[in-house]
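So this block is my_file39.cif, mmCIF, C-alpha atoms and all ligand atoms:
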data_target
#
loop_
_atom_site.label_atom_id
_atom_site.label_comp_id
_atom_site.auth_asym_id
_atom_site.auth_seq_id
_atom_site.Cartn_x
_atom_site.Cartn_y
_atom_site.Cartn_z
CA MET E 29 -22.89 -19.10 3.79
CA GLN E 30 -20.63 -16.44 2.29
CA ASP E 31 -17.11 -17.49 1.36
CA TYR E 32 -14.00 -15.96 2.85
CA ILE E 33 -11.55 -13.47 1.42
CA LEU E 34 -7.89 -14.09 2.30
CA ILE E 35 -5.85 -10.94 2.86
CA THR E 36 -2.10 -11.45 3.04
CA GLY E 37 -0.31 -8.61 4.80
CA GLY E 38 -3.69 -7.65 6.23
CA ALA E 39 -2.16 -6.27 9.43
CA GLY E 40 -0.14 -3.76 7.40
CA TYR E 41 -1.04 -0.28 6.28
CA VAL E 42 -3.18 -0.63 3.14
CA GLY E 43 -4.06 -4.24 4.00
CA SER E 44 -5.65 -3.38 7.35
CA HIS E 45 -7.76 -0.56 5.87
CA THR E 46 -8.97 -2.91 3.12
CA ALA E 47 -9.69 -5.72 5.59
CA TRP E 48 -11.72 -3.30 7.70
CA LEU E 49 -13.71 -2.04 4.70
CA LEU E 50 -14.49 -5.54 3.43
CA ALA E 51 -15.65 -6.57 6.90
CA GLN E 52 -17.98 -3.52 6.90
CA LYS E 53 -19.30 -4.62 3.51
CA GLY E 54 -20.23 -8.00 5.00
CA TYR E 55 -17.33 -10.12 3.77
CA ARG E 56 -15.75 -12.70 6.04
CA VAL E 57 -12.09 -11.88 6.14
CA VAL E 58 -9.05 -13.93 7.10
CA VAL E 59 -5.88 -11.90 7.63
CA LEU E 60 -2.61 -13.76 7.12
CA ASP E 61 0.38 -11.81 8.40
CA THR E 62 3.70 -12.54 10.12
CA LEU E 63 3.40 -9.29 12.14
CA ALA E 64 7.07 -8.73 11.30
CA GLN E 65 6.31 -5.24 9.99
CA SER E 66 3.22 -4.42 12.07
CA PRO E 67 3.53 -5.20 15.75
CA HIS E 68 -0.02 -6.36 16.41
CA PHE E 69 -3.49 -6.96 15.00
CA PRO E 70 -5.98 -6.33 17.80
CA HIS E 71 -9.12 -6.14 15.63
CA ARG E 72 -12.21 -8.28 16.01
CA TRP E 73 -13.61 -7.80 12.53
CA ALA E 74 -11.28 -10.36 10.91
CA GLU E 75 -9.97 -13.79 11.73
CA PHE E 76 -6.25 -13.62 12.18
CA VAL E 77 -3.65 -16.24 11.22
CA CYS E 78 -0.04 -15.51 12.12
CA GLY E 79 2.19 -16.82 9.37
CA ASP E 80 3.97 -16.34 6.09
CA TYR E 81 2.29 -16.27 2.69
CA GLY E 82 5.30 -18.20 1.37
CA ASP E 83 4.73 -21.09 3.81
CA ARG E 84 3.38 -23.83 1.54
CA HIS E 85 2.35 -26.10 4.40
CA LEU E 86 0.39 -23.32 6.14
CA LEU E 87 -1.30 -22.33 2.87
CA GLU E 88 -2.31 -25.95 2.21
CA GLN E 89 -3.91 -26.02 5.66
CA LEU E 90 -5.66 -22.68 5.18
CA PHE E 91 -7.01 -23.56 1.74
CA THR E 92 -8.26 -26.87 3.08
CA ASN E 93 -9.94 -25.37 6.14
CA TYR E 94 -11.57 -22.36 4.47
CA THR E 95 -13.30 -21.74 1.14
CA PHE E 96 -11.83 -18.57 -0.30
CA THR E 97 -13.52 -16.58 -3.05
CA ALA E 98 -10.41 -14.51 -3.67
CA VAL E 99 -6.98 -13.66 -2.34
CA ILE E 100 -5.93 -10.02 -1.92
CA HIS E 101 -2.16 -9.95 -1.72
CA PHE E 102 -0.62 -7.03 0.18
CA GLY E 103 2.28 -8.95 1.73
CA ALA E 104 5.56 -7.48 0.49
CA TYR E 105 8.65 -5.56 1.48
CA THR E 106 8.11 -1.96 0.37
CA VAL E 107 11.14 0.24 1.05
CA VAL E 108 12.73 1.29 -2.24
CA SER E 109 16.16 2.19 -0.77
CA GLU E 110 16.32 -1.04 1.22
CA SER E 111 15.56 -3.00 -1.94
CA VAL E 112 18.63 -1.44 -3.55
CA GLN E 113 20.80 -2.57 -0.62
CA HIS E 114 19.24 -6.03 -0.18
CA PRO E 115 17.80 -7.06 -3.54
CA LEU E 116 17.82 -10.79 -2.80
CA ASN E 117 15.60 -10.31 0.24
CA TYR E 118 13.17 -8.44 -1.98
CA TYR E 119 13.22 -11.00 -4.81
CA ASP E 120 12.75 -13.79 -2.27
CA ASN E 121 9.94 -12.15 -0.29
CA ASN E 122 8.09 -10.30 -3.05
CA VAL E 123 8.61 -12.70 -5.96
CA SER E 124 9.50 -16.27 -4.86
CA LYS E 125 6.99 -16.37 -2.02
CA THR E 126 4.25 -14.86 -4.16
CA ILE E 127 4.88 -17.62 -6.72
CA THR E 128 4.44 -20.20 -3.93
CA LEU E 129 1.16 -18.52 -2.94
CA LEU E 130 -0.08 -18.56 -6.55
CA ASP E 131 0.98 -22.18 -6.99
CA VAL E 132 -0.99 -23.36 -3.94
CA MET E 133 -3.96 -21.20 -4.94
CA VAL E 134 -4.09 -22.69 -8.42
CA LYS E 135 -3.83 -26.23 -6.98
CA HIS E 136 -6.84 -25.45 -4.78
CA ASN E 137 -8.70 -23.86 -7.67
CA ILE E 138 -8.73 -20.37 -6.09
CA LEU E 139 -8.54 -18.28 -9.22
CA SER E 140 -9.28 -14.66 -8.24
CA PHE E 141 -6.31 -12.55 -7.18
CA ILE E 142 -5.91 -8.86 -6.39
CA PHE E 143 -2.35 -7.66 -6.33
CA SER E 144 -0.78 -4.59 -4.71
CA SER E 145 1.42 -3.26 -7.46
CA SER E 146 3.08 0.13 -7.52
CA CYS E 147 3.83 3.18 -9.63
CA ALA E 148 7.45 2.06 -9.09
CA VAL E 149 6.96 -0.31 -12.07
CA TYR E 150 7.16 2.67 -14.46
CA GLY E 151 10.65 3.92 -13.57
CA LEU E 152 11.51 7.36 -14.93
CA PRO E 153 8.42 8.87 -16.60
CA HIS E 154 8.60 9.71 -20.31
CA TYR E 155 5.40 11.71 -19.86
CA THR E 156 2.97 12.61 -17.09
CA PRO E 157 0.37 11.93 -15.93
CA LEU E 158 1.31 8.27 -16.25
CA THR E 159 -1.19 6.05 -18.03
CA GLU E 160 -1.15 2.27 -17.64
CA GLU E 161 0.31 2.05 -21.18
CA HIS E 162 3.45 3.94 -20.15
CA PRO E 163 6.50 1.64 -20.64
CA CYS E 164 7.61 -0.20 -17.51
CA ASN E 165 11.31 0.18 -16.78
CA PRO E 166 11.61 0.02 -12.98
CA ILE E 167 14.70 1.66 -11.52
CA SER E 168 14.73 -0.20 -8.19
CA PRO E 169 14.62 -3.88 -7.24
CA TYR E 170 11.37 -3.10 -5.39
CA GLY E 171 9.77 -1.84 -8.61
CA THR E 172 11.18 -4.82 -10.52
CA THR E 173 9.64 -7.29 -8.04
CA LYS E 174 6.22 -5.70 -8.58
CA TYR E 175 6.63 -5.75 -12.36
CA MET E 176 7.82 -9.37 -12.32
CA ILE E 177 4.68 -10.47 -10.48
CA GLU E 178 2.52 -8.60 -12.98
CA GLN E 179 4.21 -10.71 -15.71
CA VAL E 180 3.73 -13.91 -13.68
CA LEU E 181 0.03 -13.06 -13.32
CA LYS E 182 -0.36 -12.56 -17.06
CA ASP E 183 1.16 -15.99 -17.73
CA CYS E 184 -0.92 -17.65 -14.99
CA ALA E 185 -4.05 -16.11 -16.50
CA ASN E 186 -3.19 -17.71 -19.87
CA ALA E 187 -2.16 -21.07 -18.45
CA TYR E 188 -4.52 -21.67 -15.52
CA GLY E 189 -7.44 -19.31 -16.01
CA LEU E 190 -6.37 -17.16 -13.05
CA LYS E 191 -8.22 -13.84 -13.00
CA TYR E 192 -6.44 -10.90 -11.49
CA VAL E 193 -6.44 -7.19 -10.94
CA ALA E 194 -3.11 -5.46 -10.37
CA LEU E 195 -3.47 -2.08 -8.66
CA ARG E 196 -0.57 0.31 -9.16
CA TYR E 197 -0.63 2.57 -6.11
CA PHE E 198 0.91 6.00 -6.25
CA ASN E 199 1.77 7.48 -2.81
CA ALA E 200 -0.43 5.82 -0.20
CA ALA E 201 -1.11 8.29 2.62
CA GLY E 202 -3.63 9.19 5.33
CA ALA E 203 -5.14 7.16 8.15
CA GLN E 204 -8.36 6.08 9.79
CA ALA E 205 -7.50 6.88 13.38
CA ARG E 206 -11.05 6.21 14.65
CA GLU E 207 -10.52 2.54 13.84
CA GLY E 208 -6.95 2.55 15.14
CA LEU E 209 -5.63 2.22 11.58
CA GLY E 210 -2.73 4.15 10.15
CA GLU E 211 0.78 4.06 8.78
CA ARG E 212 3.43 2.40 10.96
CA HIS E 213 6.63 1.33 9.29
CA ILE E 214 9.70 0.31 11.22
CA PRO E 215 11.81 2.23 10.42
CA GLU E 216 9.55 4.97 9.02
CA THR E 217 10.79 6.33 5.68
CA HIS E 218 7.66 8.01 4.29
CA SER E 219 7.42 11.77 4.09
CA ILE E 220 4.05 12.48 5.77
CA PRO E 221 4.54 10.42 8.97
CA LEU E 222 8.12 11.73 9.20
CA LEU E 223 6.92 15.33 8.87
CA LEU E 224 4.28 14.80 11.53
CA GLN E 225 6.74 13.08 13.84
CA ALA E 226 9.01 16.09 13.31
CA ALA E 227 6.08 18.33 14.30
CA GLN E 228 5.64 16.32 17.51
CA THR E 229 9.28 15.92 18.50
CA GLY E 230 10.94 19.05 17.08
CA LYS E 231 13.42 16.86 15.18
CA PRO E 232 14.47 18.17 11.74
CA PHE E 233 12.99 16.97 8.45
CA TYR E 234 15.46 16.49 5.59
CA ILE E 235 14.32 17.33 2.04
CA PHE E 236 15.91 14.74 -0.22
CA GLY E 237 16.86 16.87 -3.21
CA THR E 238 16.08 20.51 -3.96
CA ASP E 239 17.50 20.57 -7.50
CA TYR E 240 14.93 18.44 -9.36
CA PRO E 241 13.46 19.81 -12.61
CA THR E 242 10.08 20.47 -10.94
CA LYS E 243 8.10 23.62 -10.02
CA ASP E 244 10.13 24.29 -6.84
CA GLY E 245 13.06 21.90 -7.18
CA THR E 246 11.59 19.20 -4.90
CA CYS E 247 10.03 15.87 -5.92
CA VAL E 248 6.38 15.83 -6.91
CA ARG E 249 4.15 12.93 -5.86
CA ASP E 250 0.50 11.96 -6.21
CA TYR E 251 -0.78 11.27 -2.67
CA ILE E 252 -3.78 8.96 -2.47
CA HIS E 253 -5.69 8.39 0.75
CA VAL E 254 -5.50 4.82 2.07
CA GLN E 255 -9.32 4.73 2.42
CA ASP E 256 -9.58 5.43 -1.30
CA LEU E 257 -7.12 2.61 -1.93
CA ALA E 258 -9.24 0.30 0.22
CA THR E 259 -12.34 1.24 -1.81
CA ALA E 260 -10.46 0.44 -5.02
CA HIS E 261 -9.75 -3.08 -3.70
CA TYR E 262 -13.43 -3.54 -2.91
CA LYS E 263 -14.31 -2.37 -6.44
CA ALA E 264 -11.66 -4.70 -7.89
CA LEU E 265 -13.23 -7.59 -6.00
CA LEU E 266 -16.65 -6.76 -7.45
CA HIS E 267 -15.05 -6.40 -10.90
CA LEU E 268 -13.55 -9.89 -10.76
CA VAL E 269 -15.90 -11.95 -8.65
CA LEU E 270 -19.36 -10.38 -9.00
CA TYR E 271 -19.29 -8.94 -12.52
CA LYS E 272 -16.83 -11.57 -13.83
CA ASN E 273 -14.90 -8.98 -15.79
CA PRO E 274 -11.52 -9.74 -17.37
CA SER E 275 -8.15 -9.34 -15.66
CA ASP E 276 -6.75 -5.83 -15.76
CA ILE E 277 -4.24 -3.33 -14.41
CA PHE E 278 -5.18 0.06 -12.92
CA ASN E 279 -3.38 3.14 -11.65
CA LEU E 280 -4.59 4.40 -8.29
CA GLY E 281 -3.83 8.06 -7.84
CA THR E 282 -5.61 11.40 -7.99
CA GLY E 283 -4.09 12.89 -11.13
CA SER E 284 -2.55 15.87 -9.34
CA GLY E 285 0.90 16.23 -7.87
CA LEU E 286 2.25 17.90 -4.76
CA SER E 287 5.90 18.84 -4.20
CA VAL E 288 7.76 18.09 -0.98
CA LYS E 289 7.81 21.84 -0.21
CA GLU E 290 4.04 22.08 -0.74
CA LEU E 291 3.62 19.12 1.57
CA ILE E 292 5.74 20.81 4.23
CA ASN E 293 3.56 23.94 4.00
CA ALA E 294 0.39 21.86 4.40
CA VAL E 295 1.83 20.09 7.47
CA GLN E 296 2.90 23.40 9.05
CA GLN E 297 -0.53 24.91 8.50
CA ILE E 298 -2.46 21.93 9.86
CA THR E 299 -0.24 21.26 12.87
CA ARG E 300 0.45 24.98 13.50
CA LYS E 301 4.08 24.04 14.12
CA GLU E 302 7.16 25.60 12.58
CA LEU E 303 9.30 22.69 11.35
CA THR E 304 13.08 22.59 11.13
CA ILE E 305 13.69 21.85 7.46
CA ILE E 306 17.14 20.85 6.19
CA PRO E 307 17.87 20.54 2.45
CA ALA E 308 19.79 17.31 1.80
CA SER E 309 21.07 15.37 -1.18
CA ARG E 310 18.81 13.31 -3.43
CA ARG E 311 17.71 9.87 -2.25
CA ILE E 312 18.65 6.99 -4.50
CA GLY E 313 15.81 5.65 -6.65
CA ASP E 314 13.56 8.76 -6.42
CA PRO E 315 12.07 9.90 -9.76
CA ALA E 316 11.46 13.68 -9.95
CA LEU E 317 7.76 13.45 -10.69
CA LEU E 318 5.18 10.67 -10.31
CA VAL E 319 1.59 11.57 -11.09
CA ALA E 320 -1.12 9.10 -12.09
CA ASP E 321 -3.65 9.21 -14.84
CA PRO E 322 -6.46 7.47 -12.89
CA VAL E 323 -9.13 7.67 -15.61
CA LYS E 324 -9.08 3.95 -16.41
CA ALA E 325 -9.92 2.96 -12.82
CA MET E 326 -12.58 5.67 -12.71
CA ILE E 327 -14.29 4.37 -15.84
CA ILE E 328 -13.88 0.60 -15.53
CA LEU E 329 -13.94 0.12 -11.74
CA GLN E 330 -16.30 3.08 -11.17
CA TRP E 331 -13.85 4.28 -8.55
CA LYS E 332 -13.37 7.87 -7.47
CA PRO E 333 -11.01 9.20 -4.77
CA MET E 334 -13.11 10.76 -1.97
CA TYR E 335 -10.59 11.53 0.78
CA SER E 336 -7.45 12.41 -1.16
CA ASP E 337 -7.25 16.19 -0.80
CA ILE E 338 -4.09 17.06 1.08
CA THR E 339 -5.93 18.59 4.05
CA THR E 340 -7.85 15.37 4.73
CA ILE E 341 -4.73 13.27 4.20
CA VAL E 342 -2.52 15.28 6.57
CA THR E 343 -5.24 15.88 9.17
CA SER E 344 -6.17 12.19 9.37
CA THR E 345 -2.50 11.20 9.69
CA TRP E 346 -1.96 13.88 12.34
CA VAL E 347 -4.87 12.52 14.41
CA PHE E 348 -3.41 9.02 14.08
CA GLU E 349 0.13 10.13 15.00
CA GLN E 350 -1.17 11.90 18.10
CA SER E 351 -3.20 8.85 19.14
CA GLN E 352 -0.05 6.73 18.81
CA GLY E 353 1.83 9.20 21.00
CA LEU E 354 -0.91 8.82 23.65
CA ILE E 355 -0.78 5.00 23.42
CA LYS E 356 3.01 5.12 23.92
CA LYS E 357 2.66 7.40 26.95
CA GLU E 358 -0.07 5.20 28.45
CA SER E 359 1.95 2.01 28.02
CA ILE E 360 5.02 3.64 29.61
CA SER E 361 2.98 4.76 32.64
CA GLN E 362 1.42 1.28 32.91
CA GLU E 363 4.89 -0.31 32.81
CA GLN E 364 5.91 2.01 35.66
CA GLU E 365 2.94 1.06 37.81
N1 LIG E 401 11.18 12.66 1.23
C1 LIG E 401 11.99 13.61 1.79
N2 LIG E 401 12.43 13.41 3.06
C2 LIG E 401 12.12 12.31 3.79
C3 LIG E 401 11.27 11.34 3.22
C4 LIG E 401 10.82 11.55 1.92
O1 LIG E 401 12.31 14.61 1.17
O2 LIG E 401 12.56 12.19 4.95
C5 LIG E 401 10.68 12.87 -0.13
C6 LIG E 401 11.14 11.76 -1.08
O3 LIG E 401 12.40 12.06 -1.60
C7 LIG E 401 10.02 11.78 -2.11
C8 LIG E 401 8.80 12.25 -1.33
O4 LIG E 401 9.28 12.82 -0.13
O5 LIG E 401 10.30 12.72 -3.07
C9 LIG E 401 7.88 11.11 -0.98
O6 LIG E 401 8.66 10.10 -0.36
P1 LIG E 401 8.03 8.86 0.35
O7 LIG E 401 9.18 8.07 0.96
O8 LIG E 401 6.94 9.27 1.24
O9 LIG E 401 7.37 8.04 -0.83
P2 LIG E 401 8.06 7.51 -2.18
O10 LIG E 401 7.66 8.46 -3.24
O11 LIG E 401 9.50 7.22 -2.04
O12 LIG E 401 7.39 6.08 -2.30
C10 LIG E 401 6.34 5.85 -3.12
C11 LIG E 401 5.67 4.59 -2.63
C12 LIG E 401 6.50 3.39 -2.96
C13 LIG E 401 6.89 3.43 -4.41
C14 LIG E 401 7.64 4.69 -4.72
C15 LIG E 401 8.06 4.76 -6.16
O13 LIG E 401 5.45 4.65 -1.22
O14 LIG E 401 5.76 2.23 -2.71
O15 LIG E 401 6.80 5.78 -4.44
O16 LIG E 401 9.10 5.69 -6.32
F1 LIG E 401 7.67 2.39 -4.71
#

Full structure transcribed into structure tokens:
Amino acid sequence: MQDYILITGGAGYVGSHTAWLLAQKGYRVVVLDTLAQSPHFPHRWAEFVCGDYGDRHLLEQLFTNYTFTAVIHFGAYTVVSESVQHPLNYYDNNVSKTITLLDVMVKHNILSFIFSSSCAVYGLPHYTPLTEEHPCNPISPYGTTKYMIEQVLKDCANAYGLKYVALRYFNAAGAQAREGLGERHIPETHSIPLLLQAAQTGKPFYIFGTDYPTKDGTCVRDYIHVQDLATAHYKALLHLVLYKNPSDIFNLGTGSGLSVKELINAVQQITRKELTIIPASRRIGDPALLVADPVKAMIILQWKPMYSDITTIVTSTWVFEQSQGLIKKESISQEQE
């Protein structure tokens, strides 16, 4: 019988898309999630365990009850500005608890690990597009936590024979509304859901910084569709477990950048709504320009973004946002009945 894959944070944004894809590919998936950041996990295609990936006792139980081929670790706090305000929460959740997870894994001889890293490990780019060799000087505690775990993984590989792939995501975006999967952060801080919520509610959207040294003064980002990210995790799993390739680190982006103003134009065109846009001051921890060089993942993982044009990204998120609006309306009318 096929072994299981453990997905921590599998009820979250990228985690749930990856869990879904692996289930479609025939893997048996166990999702471990506290549901603190995602309110529910109503899907049948994975077994669900409510709990914390830093809970040693729970992990011991899980690793005794199931045989896991690999662990894919999405669980983390992810808001850059919050990490600046509450660094200890981030070091505890993203670093200490991940070390507990790795420790219990190694004790149970589970030695394949796929890690959600981030372009935030690079800090301020010296050149773009960013290759994996670019120096890592994170400028936020969030980025530091991701870089620290990459270092821990390197040492665990040397000491215990752990094999890992660290995937440095650029800007995860898009949704798979048909499966009820999409981006839901509480509170929401990401530009595309905020723009689409602005399109639905008429509330203003604030541009954080219009004086950056970029083509139009606003920050440039490399938006990568969450389904493409999910595919990269599947490919990373094949890389480690099936082909038994060495540990490695890969950028996941498209190689082209979009400014905040260009994003606003795309949202206005797709939603056919005129947004109220307010220029505001820069947000702390935002580099001017983050664009990936994804060639390494394309060559070694044989991965290619398929859904990451901005029209597909915004349209899929728009469909998801509207479906969430309908769900909210339905639950309010049910409560009233
Ligand atoms: N932005 C606005 N107004 C908003 C929200 C965002 O102008 O209300 C701008 C931001 O300043 C940024 C761009 O839109 O220039 C994208 O912002 P997001 O919050 O959507 O995404 P980030 O670029 O901040 O975050 C991404 C990843 C993080 C990663 C970070 C590294 O989501 O995981 O890049 O800087 F850590």

How would you write as a PDB file with C-alpha atoms, keeping the file's coordinate frame the residues that get within 12 Å of (15.2, -9.0, -6.2) in the file's frame, counting all atoms listed in the file?
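Once everything was written out, this is out33.pdb:
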ATOM      1  CA  ALA E 104       5.560  -7.480   0.490  1.00  0.00           C
ATOM      2  CA  TYR E 105       8.650  -5.560   1.480  1.00  0.00           C
ATOM      3  CA  THR E 106       8.110  -1.960   0.370  1.00  0.00           C
ATOM      4  CA  VAL E 108      12.730   1.290  -2.240  1.00  0.00           C
ATOM      5  CA  GLU E 110      16.320  -1.040   1.220  1.00  0.00           C
ATOM      6  CA  SER E 111      15.560  -3.000  -1.940  1.00  0.00           C
ATOM      7  CA  VAL E 112      18.630  -1.440  -3.550  1.00  0.00           C
ATOM      8  CA  GLN E 113      20.800  -2.570  -0.620  1.00  0.00           C
ATOM      9  CA  HIS E 114      19.240  -6.030  -0.180  1.00  0.00           C
ATOM     10  CA  PRO E 115      17.800  -7.060  -3.540  1.00  0.00           C
ATOM     11  CA  LEU E 116      17.820 -10.790  -2.800  1.00  0.00           C
ATOM     12  CA  ASN E 117      15.600 -10.310   0.240  1.00  0.00           C
ATOM     13  CA  TYR E 118      13.170  -8.440  -1.980  1.00  0.00           C
ATOM     14  CA  TYR E 119      13.220 -11.000  -4.810  1.00  0.00           C
ATOM     15  CA  ASP E 120      12.750 -13.790  -2.270  1.00  0.00           C
ATOM     16  CA  ASN E 121       9.940 -12.150  -0.290  1.00  0.00           C
ATOM     17  CA  ASN E 122       8.090 -10.300  -3.050  1.00  0.00           C
ATOM     18  CA  VAL E 123       8.610 -12.700  -5.960  1.00  0.00           C
ATOM     19  CA  SER E 124       9.500 -16.270  -4.860  1.00  0.00           C
ATOM     20  CA  LYS E 125       6.990 -16.370  -2.020  1.00  0.00           C
ATOM     21  CA  PRO E 166      11.610   0.020 -12.980  1.00  0.00           C
ATOM     22  CA  ILE E 167      14.700   1.660 -11.520  1.00  0.00           C
ATOM     23  CA  SER E 168      14.730  -0.200  -8.190  1.00  0.00           C
ATOM     24  CA  PRO E 169      14.620  -3.880  -7.240  1.00  0.00           C
ATOM     25  CA  TYR E 170      11.370  -3.100  -5.390  1.00  0.00           C
ATOM     26  CA  GLY E 171       9.770  -1.840  -8.610  1.00  0.00           C
ATOM     27  CA  THR E 172      11.180  -4.820 -10.520  1.00  0.00           C
ATOM     28  CA  THR E 173       9.640  -7.290  -8.040  1.00  0.00           C
ATOM     29  CA  LYS E 174       6.220  -5.700  -8.580  1.00  0.00           C
ATOM     30  CA  TYR E 175       6.630  -5.750 -12.360  1.00  0.00           C
ATOM     31  CA  MET E 176       7.820  -9.370 -12.320  1.00  0.00           C
ATOM     32  CA  ILE E 177       4.680 -10.470 -10.480  1.00  0.00           C
TER      33      ILE E 177
END

**Report entry** ligand LIG 401 (chain E) neighbours within 6 Å using only C-alpha atoms and all ligand atoms, as JSON, numbers by chain
**Finding:** {"E": [106, 108, 146, 147, 148, 199, 217, 218, 219, 233, 234, 235, 236, 247, 288, 311, 314]}

Would you mind listing, for every residue of region 163-220 of chain E within 9 Å of region 38-52 of chain E, the two atoms forming the shortest contact and the distance between them in Å to one decimal, using only C-alpha atoms, sorted by chain and ascending residue number, as JSON lines?
{"residue": "E:Ala200", "atom": "CA", "partner": "E:Val42", "partner_atom": "CA", "distance": 7.8}
{"residue": "E:Ala203", "atom": "CA", "partner": "E:His45", "partner_atom": "CA", "distance": 8.5}
{"residue": "E:Gln204", "atom": "CA", "partner": "E:His45", "partner_atom": "CA", "distance": 7.7}
{"residue": "E:Glu207", "atom": "CA", "partner": "E:Trp48", "partner_atom": "CA", "distance": 8.6}
{"residue": "E:Leu209", "atom": "CA", "partner": "E:His45", "partner_atom": "CA", "distance": 6.7}
{"residue": "E:Gly210", "atom": "CA", "partner": "E:Tyr41", "partner_atom": "CA", "distance": 6.1}
{"residue": "E:Glu211", "atom": "CA", "partner": "E:Tyr41", "partner_atom": "CA", "distance": 5.3}
{"residue": "E:Arg212", "atom": "CA", "partner": "E:Tyr41", "partner_atom": "CA", "distance": 7.0}
{"residue": "E:His213", "atom": "CA", "partner": "E:Tyr41", "partner_atom": "CA", "distance": 8.4}

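Residue neighbourhood of His136 (chain E), excluding near-sequence residues (fewer than 2 positions): Glu88, Phe91, Thr92, Asp131, Val132, Met133, Val134, Ile138 and Leu139 of chain E, at 9 Å, using all atoms listed in the file.
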
Which residues of region 270-358 of chain E sit at most 10 Å from region 240-243 of chain E, using all atoms listed in the file? Give each one's shortest atom pair and distance in Å (one decimal place), in chain and ascending residue order, as a Markdown table.
| residue | atom | partner | partner_atom | distance |
| --- | --- | --- | --- | --- |
| E:Leu286 | CA | E:Lys243 | CA | 9.7 |
| E:Ser287 | CA | E:Lys243 | CA | 7.8 |
| E:Lys289 | CA | E:Lys243 | CA | 10.0 |
| E:Arg310 | CA | E:Tyr240 | CA | 8.7 |
| E:Pro315 | CA | E:Tyr240 | CA | 9.0 |
| E:Ala316 | CA | E:Tyr240 | CA | 5.9 |
| E:Leu317 | CA | E:Thr242 | CA | 7.4 |

Export, as a PDB file, in the frame of the given file, the selected residues with C-alpha atoms.
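Result file is selection.pdb:
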ATOM      1  CA  LEU E 286       2.250  17.900  -4.760  1.00  0.00           C
ATOM      2  CA  SER E 287       5.900  18.840  -4.200  1.00  0.00           C
ATOM      3  CA  LYS E 289       7.810  21.840  -0.210  1.00  0.00           C
ATOM      4  CA  ARG E 310      18.810  13.310  -3.430  1.00  0.00           C
ATOM      5  CA  PRO E 315      12.070   9.900  -9.760  1.00  0.00           C
ATOM      6  CA  ALA E 316      11.460  13.680  -9.950  1.00  0.00           C
ATOM      7  CA  LEU E 317       7.760  13.450 -10.690  1.00  0.00           C
TER       8      LEU E 317
END

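Counting from CA of Trp346 (chain E), the distance to CA of Gly208 (chain E) is 12.7 Å.
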
Write out as a compact mmCIF listing (two decimals) with C-alpha atoms, in the coordinates of the input each polymer residue whose atoms come within 10 Å of Thr339 (chain E), counting only C-alpha atoms; drop sequence neighbours fewer than 6 positions from it.
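part34.txt, written as the output of this step:
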# COMPACT_ATOMS: atom_id res chain seq x y z
CA GLY E 202 -3.63 9.19 5.33
CA LEU E 291 3.62 19.12 1.57
CA ALA E 294 0.39 21.86 4.40
CA VAL E 295 1.83 20.09 7.47
CA GLN E 297 -0.53 24.91 8.50
CA ILE E 298 -2.46 21.93 9.86
CA THR E 345 -2.50 11.20 9.69

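The spacing separating CA of Pro153 (chain E) from CA of Asp239 (chain E) amounts to 17.4 Å.
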
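Pairwise distance (CA of Leu195 (chain E), CA of Leu270 (chain E)) equals 17.9 Å.
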
Report summary line: Shortest contact to Ser351 (chain E), candidates E:Arg206, E:Lys272, E:Ile305, E:Ile338, atoms counted only C-alpha atoms, goes to E:Arg206

Report task. Choose the residue, out of E:Val77, E:Ile100, E:Leu63, E:Ala201, that has the smallest atom-to-atom separation from His253 (chain E); count only C-alpha atoms. Result ->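 Comparing E:Val77, E:Ile100, E:Leu63, E:Ala201 against His253 (chain E), the winner is E:Ala201.
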
Query raised in the report: Can you tell me, as a ChimeraX atom specification, what residues are no more than 6 Å from Asp61 (chain E) when counting only C-alpha atoms, ignoring any on the same chain fewer than 4 positions away?
Result: /E:36-37,78-79

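Remark: for Glu290 (chain E), the closest of the candidate residues E:Pro70, E:Gly189, E:Pro232, E:Gly245 is E:Gly245 (distances computed over all atoms listed in the file).
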
Query raised in the report: Which residues come within 12 Å of Tyr271 (chain E), counting all atoms listed in the file, excluding same-chain residues fewer than 5 positions away, as a list in words?
Result: Lys263, Ala264, Leu265, Leu266, Ile328 and Leu329 of chain E

Query raised in the report: Which residue out of E:Ser140, E:Ser284, E:Gln255, E:Ser109 has the minimum interatomic distance to Ala185 (chain E) when all atoms listed in the file are used?
Result: E:Ser140
